[in-house]
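Note: the block below is protein-v6.pdb and it holds PDB, C-alpha atoms.
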MODEL        1
ATOM      1  CA  MET A   1       0.000   0.000   0.000
ATOM      2  CA  ALA A   2       2.767   2.468   0.943
ATOM      3  CA  ASN A   3       4.685   1.474  -2.178
ATOM      4  CA  ASN A   4       1.590   2.196  -4.300
ATOM      5  CA  ARG A   5       1.245   5.644  -2.701
ATOM      6  CA  LEU A   6       4.919   6.380  -3.354
ATOM      7  CA  ASN A   7       4.540   5.268  -6.965
ATOM      8  CA  ASN A   8       1.391   7.407  -7.390
ATOM      9  CA  ASN A   9       3.260  10.389  -5.933
ATOM     10  CA  LYS A  10       6.089   9.946  -8.457
ATOM     11  CA  VAL A  11       3.609   9.585 -11.315
ATOM     12  CA  ALA A  12       1.687  12.661 -10.130
ATOM     13  CA  SER A  13       4.909  14.645  -9.936
ATOM     14  CA  ARG A  14       5.870  13.702 -13.506
ATOM     15  CA  TYR A  15       2.445  14.551 -14.927
ATOM     16  CA  ALA A  16       2.399  17.836 -12.996
ATOM     17  CA  ARG A  17       5.905  18.783 -14.157
ATOM     18  CA  ALA A  18       5.047  18.120 -17.810
ATOM     19  CA  LEU A  19       1.776  20.026 -17.515
ATOM     20  CA  PHE A  20       3.462  22.896 -15.690
ATOM     21  CA  GLU A  21       6.250  23.279 -18.252
ATOM     22  CA  SER A  22       3.763  23.179 -21.130
ATOM     23  CA  THR A  23       1.365  25.673 -19.585
ATOM     24  CA  VAL A  24       4.101  28.111 -18.552
ATOM     25  CA  GLU A  25       5.246  28.225 -22.167
ATOM     26  CA  SER A  26       1.695  28.894 -23.358
ATOM     27  CA  GLY A  27       0.901  31.404 -20.592
ATOM     28  CA  ASP A  28      -1.963  29.315 -19.198
ATOM     29  CA  ALA A  29      -0.368  28.118 -15.949
ATOM     30  CA  LYS A  30      -2.419  30.277 -13.578
ATOM     31  CA  ALA A  31      -5.766  29.324 -15.169
ATOM     32  CA  VAL A  32      -4.727  25.665 -15.200
ATOM     33  CA  ALA A  33      -3.800  25.807 -11.504
ATOM     34  CA  GLN A  34      -7.238  27.196 -10.628
ATOM     35  CA  ASP A  35      -9.066  24.621 -12.731
ATOM     36  CA  LEU A  36      -6.957  21.766 -11.345
ATOM     37  CA  ASP A  37      -7.809  22.832  -7.802
ATOM     38  CA  THR A  38     -11.501  23.021  -8.684
ATOM     39  CA  VAL A  39     -11.617  19.634 -10.413
ATOM     40  CA  SER A  40      -9.575  18.002  -7.650
ATOM     41  CA  ALA A  41     -11.951  19.458  -5.037
ATOM     42  CA  VAL A  42     -14.968  18.068  -6.925
ATOM     43  CA  PHE A  43     -13.441  14.589  -6.909
ATOM     44  CA  SER A  44     -12.556  14.775  -3.211
ATOM     45  CA  GLN A  45     -16.022  16.059  -2.244
ATOM     46  CA  VAL A  46     -17.873  13.418  -4.246
ATOM     47  CA  PRO A  47     -16.303  10.030  -3.452
ATOM     48  CA  ALA A  48     -18.754   8.227  -5.755
ATOM     49  CA  LEU A  49     -17.262  10.179  -8.654
ATOM     50  CA  SER A  50     -13.764   8.927  -7.823
ATOM     51  CA  HIS A  51     -15.067   5.357  -7.521
ATOM     52  CA  PHE A  52     -16.711   5.673 -10.943
ATOM     53  CA  MET A  53     -13.564   7.055 -12.584
ATOM     54  CA  GLU A  54     -11.287   4.471 -10.945
ATOM     55  CA  ASN A  55     -13.549   1.460 -11.562
ATOM     56  CA  PRO A  56     -11.771  -0.841 -14.054
ATOM     57  CA  GLY A  57     -15.112  -2.417 -15.007
ATOM     58  CA  ILE A  58     -16.393   0.820 -16.548
ATOM     59  CA  PRO A  59     -15.168   1.365 -20.115
ATOM     60  CA  ALA A  60     -12.786   4.290 -20.667
ATOM     61  CA  ALA A  61     -15.146   5.582 -23.375
ATOM     62  CA  ASP A  62     -17.893   6.074 -20.752
ATOM     63  CA  LYS A  63     -15.481   7.877 -18.456
ATOM     64  CA  LEU A  64     -14.267  10.135 -21.265
ATOM     65  CA  GLN A  65     -17.858  10.938 -22.192
ATOM     66  CA  PHE A  66     -18.500  11.901 -18.568
ATOM     67  CA  VAL A  67     -15.360  14.090 -18.459
ATOM     68  CA  ASP A  68     -16.408  15.886 -21.631
ATOM     69  CA  LYS A  69     -19.971  16.403 -20.411
ATOM     70  CA  GLU A  70     -19.088  17.623 -16.904
ATOM     71  CA  PHE A  71     -15.773  19.389 -17.414
ATOM     72  CA  GLY A  72     -15.142  19.799 -21.153
ATOM     73  CA  GLN A  73     -16.432  23.341 -21.653
ATOM     74  CA  ASN A  74     -15.956  24.397 -18.023
ATOM     75  CA  VAL A  75     -12.199  23.976 -17.696
ATOM     76  CA  ASN A  76      -9.099  25.130 -19.518
ATOM     77  CA  PRO A  77      -8.343  22.899 -22.547
ATOM     78  CA  TRP A  78      -5.077  21.819 -20.883
ATOM     79  CA  VAL A  79      -7.027  20.432 -17.925
ATOM     80  CA  ASN A  80      -9.521  18.703 -20.191
ATOM     81  CA  ARG A  81      -6.641  17.075 -22.111
ATOM     82  CA  LEU A  82      -5.027  16.062 -18.825
ATOM     83  CA  LEU A  83      -8.246  14.416 -17.621
ATOM     84  CA  HIS A  84      -8.454  12.511 -20.916
ATOM     85  CA  LEU A  85      -4.854  11.377 -20.527
ATOM     86  CA  LEU A  86      -5.418  10.259 -16.928
ATOM     87  CA  VAL A  87      -8.516   8.265 -17.924
ATOM     88  CA  GLU A  88      -6.845   6.689 -20.952
ATOM     89  CA  ASN A  89      -3.807   5.638 -18.899
ATOM     90  CA  GLY A  90      -5.788   4.519 -15.828
ATOM     91  CA  ARG A  91      -4.169   7.212 -13.681
ATOM     92  CA  MET A  92      -7.178   9.057 -12.234
ATOM     93  CA  PRO A  93      -6.164   8.245  -8.630
ATOM     94  CA  VAL A  94      -3.165  10.595  -8.974
ATOM     95  CA  LEU A  95      -5.301  13.675  -9.666
ATOM     96  CA  PRO A  96      -5.338  15.128  -6.110
ATOM     97  CA  GLN A  97      -1.580  14.726  -5.687
ATOM     98  CA  LEU A  98      -1.006  16.033  -9.208
ATOM     99  CA  ALA A  99      -2.870  19.241  -8.318
ATOM    100  CA  ILE A 100      -0.697  19.646  -5.213
ATOM    101  CA  TRP A 101       2.493  19.156  -7.225
ATOM    102  CA  PHE A 102       1.333  21.622  -9.863
ATOM    103  CA  THR A 103       0.760  24.256  -7.172
ATOM    104  CA  GLU A 104       4.185  23.472  -5.720
ATOM    105  CA  TYR A 105       5.819  24.055  -9.108
ATOM    106  CA  MET A 106       3.913  27.325  -9.465
ATOM    107  CA  ASN A 107       5.060  28.400  -5.996
ATOM    108  CA  GLN A 108       8.689  27.563  -6.777
ATOM    109  CA  ARG A 109       8.544  29.595  -9.974
ATOM    110  CA  ASP A 110       6.907  32.557  -8.239
ATOM    111  CA  ASN A 111       9.116  32.350  -5.110
ATOM    112  CA  VAL A 112       6.078  31.678  -2.927
ATOM    113  CA  ALA A 113       6.147  29.607   0.245
ATOM    114  CA  ARG A 114       3.455  28.140   2.427
ATOM    115  CA  ALA A 115       3.782  28.532   6.162
ATOM    116  CA  GLU A 116       1.876  26.634   8.790
ATOM    117  CA  VAL A 117       1.551  28.619  11.992
ATOM    118  CA  VAL A 118       0.497  26.491  14.938
ATOM    119  CA  SER A 119      -0.950  28.469  17.843
ATOM    120  CA  ALA A 120      -2.898  27.702  21.000
ATOM    121  CA  VAL A 121      -5.762  29.927  19.809
ATOM    122  CA  GLU A 122      -6.912  31.235  16.425
ATOM    123  CA  LEU A 123      -4.665  34.057  15.229
ATOM    124  CA  GLU A 124      -6.201  37.476  14.711
ATOM    125  CA  GLU A 125      -5.921  38.741  11.144
ATOM    126  CA  GLU A 126      -3.524  41.566  12.061
ATOM    127  CA  LEU A 127      -1.110  39.154  13.760
ATOM    128  CA  ARG A 128      -1.354  36.762  10.809
ATOM    129  CA  ARG A 129      -0.411  39.627   8.443
ATOM    130  CA  ARG A 130       2.537  40.641  10.657
ATOM    131  CA  ILE A 131       3.818  37.071  10.723
ATOM    132  CA  GLN A 132       3.416  36.887   6.941
ATOM    133  CA  LYS A 133       5.356  40.130   6.339
ATOM    134  CA  THR A 134       8.093  39.089   8.782
ATOM    135  CA  LEU A 135       8.521  35.713   7.083
ATOM    136  CA  GLU A 136       8.590  37.297   3.625
ATOM    137  CA  SER A 137      11.271  39.799   4.566
ATOM    138  CA  SER A 138      13.391  37.494   6.727
ATOM    139  CA  LEU A 139      13.277  34.430   4.450
ATOM    140  CA  GLY A 140      13.346  36.282   1.124
ATOM    141  CA  PHE A 141      10.123  35.007  -0.414
ATOM    142  CA  SER A 142       8.035  37.242  -2.643
ATOM    143  CA  ARG A 143       4.951  35.908  -0.846
ATOM    144  CA  VAL A 144       4.259  33.615   2.082
ATOM    145  CA  ASP A 145       0.801  32.073   2.379
ATOM    146  CA  VAL A 146       0.085  31.648   6.088
ATOM    147  CA  GLN A 147      -2.248  28.920   7.282
ATOM    148  CA  ASN A 148      -3.144  28.843  10.949
ATOM    149  CA  ARG A 149      -3.668  25.553  12.780
ATOM    150  CA  VAL A 150      -4.930  25.648  16.346
ATOM    151  CA  ASP A 151      -3.355  23.258  18.858
ATOM    152  CA  PRO A 152      -4.175  24.121  22.494
ATOM    153  CA  GLY A 153      -1.503  21.613  23.549
ATOM    154  CA  ILE A 154       1.302  24.076  22.800
ATOM    155  CA  LEU A 155      -0.065  26.267  25.637
ATOM    156  CA  GLY A 156       1.030  29.566  24.085
ATOM    157  CA  GLY A 157       3.386  31.116  21.564
ATOM    158  CA  VAL A 158       3.625  29.727  18.039
ATOM    159  CA  ILE A 159       5.366  27.070  15.988
ATOM    160  CA  ILE A 160       6.076  28.168  12.423
ATOM    161  CA  LYS A 161       6.821  25.630   9.685
ATOM    162  CA  VAL A 162       8.078  26.944   6.339
ATOM    163  CA  GLN A 163       9.372  24.353   3.873
ATOM    164  CA  ASP A 164      12.020  22.419   5.810
ATOM    165  CA  LYS A 165      12.431  25.040   8.541
ATOM    166  CA  VAL A 166      10.695  24.927  11.931
ATOM    167  CA  PHE A 167      10.709  27.854  14.346
ATOM    168  CA  ASP A 168       9.451  26.705  17.729
ATOM    169  CA  GLY A 169       8.420  29.636  19.892
ATOM    170  CA  SER A 170       5.796  27.687  21.809
ATOM    171  CA  TYR A 171       5.732  27.465  25.575
ATOM    172  CA  VAL A 172       5.965  23.692  25.335
ATOM    173  CA  GLY A 173       9.035  24.038  23.097
ATOM    174  CA  ARG A 174      10.655  26.481  25.483
ATOM    175  CA  LEU A 175       9.966  24.193  28.450
ATOM    176  CA  GLU A 176      11.498  21.263  26.553
ATOM    177  CA  GLU A 177      14.637  23.315  25.819
ATOM    178  CA  LEU A 178      14.878  24.268  29.481
ATOM    179  CA  ARG A 179      14.506  20.603  30.465
ATOM    180  CA  LYS A 180      17.340  19.614  28.093
ATOM    181  CA  GLN A 181      19.606  22.315  29.523
ATOM    182  CA  LEU A 182      18.881  21.181  33.053
ATOM    183  CA  VAL A 183      19.651  17.551  32.168
ATOM    184  CA  LYS A 184      22.992  18.591  30.586
ATOM    185  CA  THR A 185      24.074  20.608  33.645
ATOM    186  CA  GLY A 186      22.636  18.248  36.219
TER     187      GLY A 186
ENDMDL
END
Would you write the structure of this file as structure tokens?
Amino acid sequence: MANNRLNNNKVASRYARALFESTVESGDAKAVAQDLDTVSAVFSQVPALSHFMENPGIPAADKLQFVDKEFGQNVNPWVNRLLHLLVENGRMPVLPQLAIWFTEYMNQRDNVARAEVVSAVELEEELRRRIQKTLESSLGFSRVDVQNRVDPGILGGVIIKVQDKVFDGSYVGRLEELRKQLVKTG
């Protein structure tokens, strides 16, 4: 099962990279990213739709007809072609991960990072903006998208995760550091 997920992730990454490079050249990348997010959300919100598209007993022609009817005129032609390719190659399960990879490639190109800010309570909008501006200026990103996750277990302060960096300013983190120092000196 884990091996299948890893394989699907690699496949999704390859499809996303090819789609990204093609759509950047054509100038359609932003519209494609929006449509991919929309289509991926539809599939995740309607599990029966995913089961239909992934069912090997349903002919590909029926699936393609469904794609054309439901998405054909409503999405960018690149996305419609991608959906056709995924159906024809039996790769529909990679769609959600493909959309994530595509966004990641867009973010890399645009020097955008996502930050998860874990706090004991919901952050007020002003504080969220200040954290965003601080991260942008200190880490050198053109934009940082801040997502707040509430975890009362950290007691207070914040933990900020940006790419592979973690800044732990939580009370629990500070107490753990203090404990380690006491163990070293004791």
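The coordinates place atom CA of Glu176 of chain A at 23.7 Å from atom CA of Ile131 of chain A.
When the distance limit is 12 Å and all atoms listed in the file are what count, the residues near Gln65 of chain A, minus those fewer than 5 positions from it on the same chain, are Met53, Ile58, Pro59, Ala60, Glu70, Phe71, Gly72, Asn80, Leu83, His84, Val87 and Glu88 of chain A.
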- So how far away is atom CA of Asp145 of chain A from atom CA of Arg114 of chain A, in Å? 4.7 Å
- Message: Which residues are close to Pro56 of chain A, i.e. within 12 Å by all atoms listed in the file, leaving aside same-chain residues fewer than 4 positions away? Reply as a VMD selection string.
- Response: chain A and resid 50 to 52 60 to 63 87 to 93
Keeping C-alpha atoms, export the residues of the selection given above as a JSON list (two decimals), in the coordinates of the input.
[["chain", "number", "residue", "atom", "x", "y", "z"],
["A", 50, "SER", "CA", -13.76, 8.93, -7.82],
["A", 51, "HIS", "CA", -15.07, 5.36, -7.52],
["A", 52, "PHE", "CA", -16.71, 5.67, -10.94],
["A", 60, "ALA", "CA", -12.79, 4.29, -20.67],
["A", 61, "ALA", "CA", -15.15, 5.58, -23.38],
["A", 62, "ASP", "CA", -17.89, 6.07, -20.75],
["A", 63, "LYS", "CA", -15.48, 7.88, -18.46],
["A", 87, "VAL", "CA", -8.52, 8.26, -17.92],
["A", 88, "GLU", "CA", -6.84, 6.69, -20.95],
["A", 89, "ASN", "CA", -3.81, 5.64, -18.90],
["A", 90, "GLY", "CA", -5.79, 4.52, -15.83],
["A", 91, "ARG", "CA", -4.17, 7.21, -13.68],
["A", 92, "MET", "CA", -7.18, 9.06, -12.23],
["A", 93, "PRO", "CA", -6.16, 8.24, -8.63]]
Per residue of segment 25-141 of chain A within 7 Å of segment 152-166 of chain A, note the shortest atom pair and the distance in Å to one decimal, counting only C-alpha atoms, and order the rows by chain and increasing residue number, as CSV.
residue,atom,partner,partner_atom,distance
A:Ala113,CA,A:Val162,CA,6.9
A:Arg114,CA,A:Val162,CA,6.2
A:Ala115,CA,A:Val162,CA,4.6
A:Glu116,CA,A:Lys161,CA,5.1
A:Val117,CA,A:Ile160,CA,4.6
A:Val118,CA,A:Ile159,CA,5.0
A:Ser119,CA,A:Val158,CA,4.7
A:Ala120,CA,A:Pro152,CA,4.1
A:Val121,CA,A:Pro152,CA,6.6
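One distance worth recording is that between atom CA of Arg17 of chain A and atom CA of Val39 of chain A, which is 17.9 Å.
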- Message: Running the PyMOL selection byres ((chain A and resi 35) around 12) on this model by hand, what would come out? Give it as a VMD selection string.
- Response: chain A and resid 28 to 34 36 to 42 71 to 80 82 to 83 95 99 102 to 103
- Query: Given the choices A:Leu139, A:Val112, A:Leu175, A:Ile100, which gets closest to Asn9 of chain A if the distance is worked out from all atoms listed in the file?
  - Reply: A:Ile100
- Task: Please check which residues have atoms at most 7 Å from (10.4, 36.1, -3.5) in the file's coordinates, counting only C-alpha atoms, and write them as a list in words.
- Result: Asp110, Asn111, Val112, Gly140, Phe141, Ser142 and Arg143 of chain A
- Of A:Trp101, A:Leu123, A:Leu64, A:Arg109, the one sitting nearest Arg81 of chain A when using all atoms listed in the file is A:Leu64
Write out as AutoDock Vina command-line options an axis-aligned box for segment 169-183 of chain A: all of its atoms listed in the file, 3 Å added on each side, centre and edge lengths in Å with one decimal.
--center_x 12.7 --center_y 23.6 --center_z 26.5 --size_x 19.9 --size_y 18.1 --size_z 19.2
- Message: Given only C-alpha atoms as the basis, pick out the residue of A:Asn55, A:Lys10, A:Leu85, A:Pro96 nearest to Val67 of chain A.
- Response: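 Of the candidates, the smallest distance to Val67 of chain A is held by A:Leu85.
Minimum distance to Gln97 of chain A across A:Ser13, A:Asn7, A:Gln132, A:Thr23 (counting all atoms listed in the file) occurs at A:Ser13.
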For segment 37-48 of chain A, which lacks atoms in the input, supply all heavy atoms and format the output as a short mmCIF file (atom, residue, chain, number, x, y, z; two decimals), keeping the file's coordinate frame.
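Resulting contents of rebuild36.cif:
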data_model
loop_
_atom_site.label_atom_id
_atom_site.label_comp_id
_atom_site.auth_asym_id
_atom_site.auth_seq_id
_atom_site.Cartn_x
_atom_site.Cartn_y
_atom_site.Cartn_z
N ASP A 37 -7.33 22.81 -9.19
CA ASP A 37 -7.81 22.83 -7.80
C ASP A 37 -9.31 22.58 -7.74
O ASP A 37 -9.79 21.84 -6.88
CB ASP A 37 -7.47 24.17 -7.14
CG ASP A 37 -6.00 24.30 -6.80
OD1 ASP A 37 -5.29 23.28 -6.76
OD2 ASP A 37 -5.55 25.44 -6.56
N THR A 38 -10.05 23.18 -8.66
CA THR A 38 -11.50 23.02 -8.68
C THR A 38 -11.89 21.57 -8.99
O THR A 38 -12.70 20.98 -8.28
CB THR A 38 -12.14 23.96 -9.73
OG1 THR A 38 -11.81 25.31 -9.39
CG2 THR A 38 -13.65 23.80 -9.79
N VAL A 39 -11.29 21.00 -10.02
CA VAL A 39 -11.62 19.63 -10.41
C VAL A 39 -11.21 18.66 -9.31
O VAL A 39 -11.97 17.74 -8.96
CB VAL A 39 -10.94 19.27 -11.75
CG1 VAL A 39 -11.07 17.79 -12.05
CG2 VAL A 39 -11.54 20.09 -12.89
N SER A 40 -10.04 18.87 -8.73
CA SER A 40 -9.57 18.00 -7.65
C SER A 40 -10.52 18.08 -6.45
O SER A 40 -10.83 17.06 -5.83
CB SER A 40 -8.16 18.39 -7.24
OG SER A 40 -7.68 17.54 -6.24
N ALA A 41 -11.01 19.28 -6.15
CA ALA A 41 -11.95 19.46 -5.04
C ALA A 41 -13.26 18.72 -5.32
O ALA A 41 -13.83 18.11 -4.42
CB ALA A 41 -12.21 20.94 -4.79
N VAL A 42 -13.73 18.77 -6.56
CA VAL A 42 -14.97 18.07 -6.92
C VAL A 42 -14.80 16.57 -6.68
O VAL A 42 -15.67 15.93 -6.07
CB VAL A 42 -15.35 18.34 -8.40
CG1 VAL A 42 -16.43 17.37 -8.88
CG2 VAL A 42 -15.81 19.78 -8.59
N PHE A 43 -13.68 16.02 -7.10
CA PHE A 43 -13.44 14.59 -6.91
C PHE A 43 -13.32 14.23 -5.43
O PHE A 43 -13.78 13.18 -5.01
CB PHE A 43 -12.20 14.12 -7.68
CG PHE A 43 -12.49 13.84 -9.13
CD1 PHE A 43 -12.33 14.83 -10.08
CD2 PHE A 43 -12.93 12.60 -9.54
CE1 PHE A 43 -12.60 14.59 -11.42
CE2 PHE A 43 -13.21 12.34 -10.87
CZ PHE A 43 -13.04 13.34 -11.81
N SER A 44 -12.70 15.10 -4.63
CA SER A 44 -12.56 14.78 -3.21
C SER A 44 -13.87 14.94 -2.46
O SER A 44 -14.12 14.26 -1.47
CB SER A 44 -11.45 15.61 -2.57
OG SER A 44 -11.82 16.96 -2.50
N GLN A 45 -14.75 15.82 -2.92
CA GLN A 45 -16.02 16.06 -2.24
C GLN A 45 -17.10 15.05 -2.65
O GLN A 45 -18.09 14.91 -1.95
CB GLN A 45 -16.51 17.49 -2.52
CG GLN A 45 -15.64 18.54 -1.88
CD GLN A 45 -15.98 19.95 -2.37
OE1 GLN A 45 -16.88 20.15 -3.16
NE2 GLN A 45 -15.21 20.92 -1.90
N VAL A 46 -16.89 14.39 -3.76
CA VAL A 46 -17.87 13.42 -4.25
C VAL A 46 -17.16 12.07 -4.43
O VAL A 46 -16.73 11.74 -5.55
CB VAL A 46 -18.53 13.89 -5.57
CG1 VAL A 46 -19.62 12.92 -6.00
CG2 VAL A 46 -19.06 15.30 -5.46
N PRO A 47 -17.03 11.31 -3.36
CA PRO A 47 -16.30 10.03 -3.45
C PRO A 47 -16.87 9.08 -4.51
O PRO A 47 -16.11 8.33 -5.13
CB PRO A 47 -16.44 9.44 -2.05
CG PRO A 47 -16.72 10.60 -1.16
CD PRO A 47 -17.48 11.58 -2.00
N ALA A 48 -18.16 9.11 -4.74
CA ALA A 48 -18.75 8.23 -5.76
C ALA A 48 -18.18 8.53 -7.14
O ALA A 48 -18.04 7.63 -7.97
CB ALA A 48 -20.27 8.38 -5.76
#
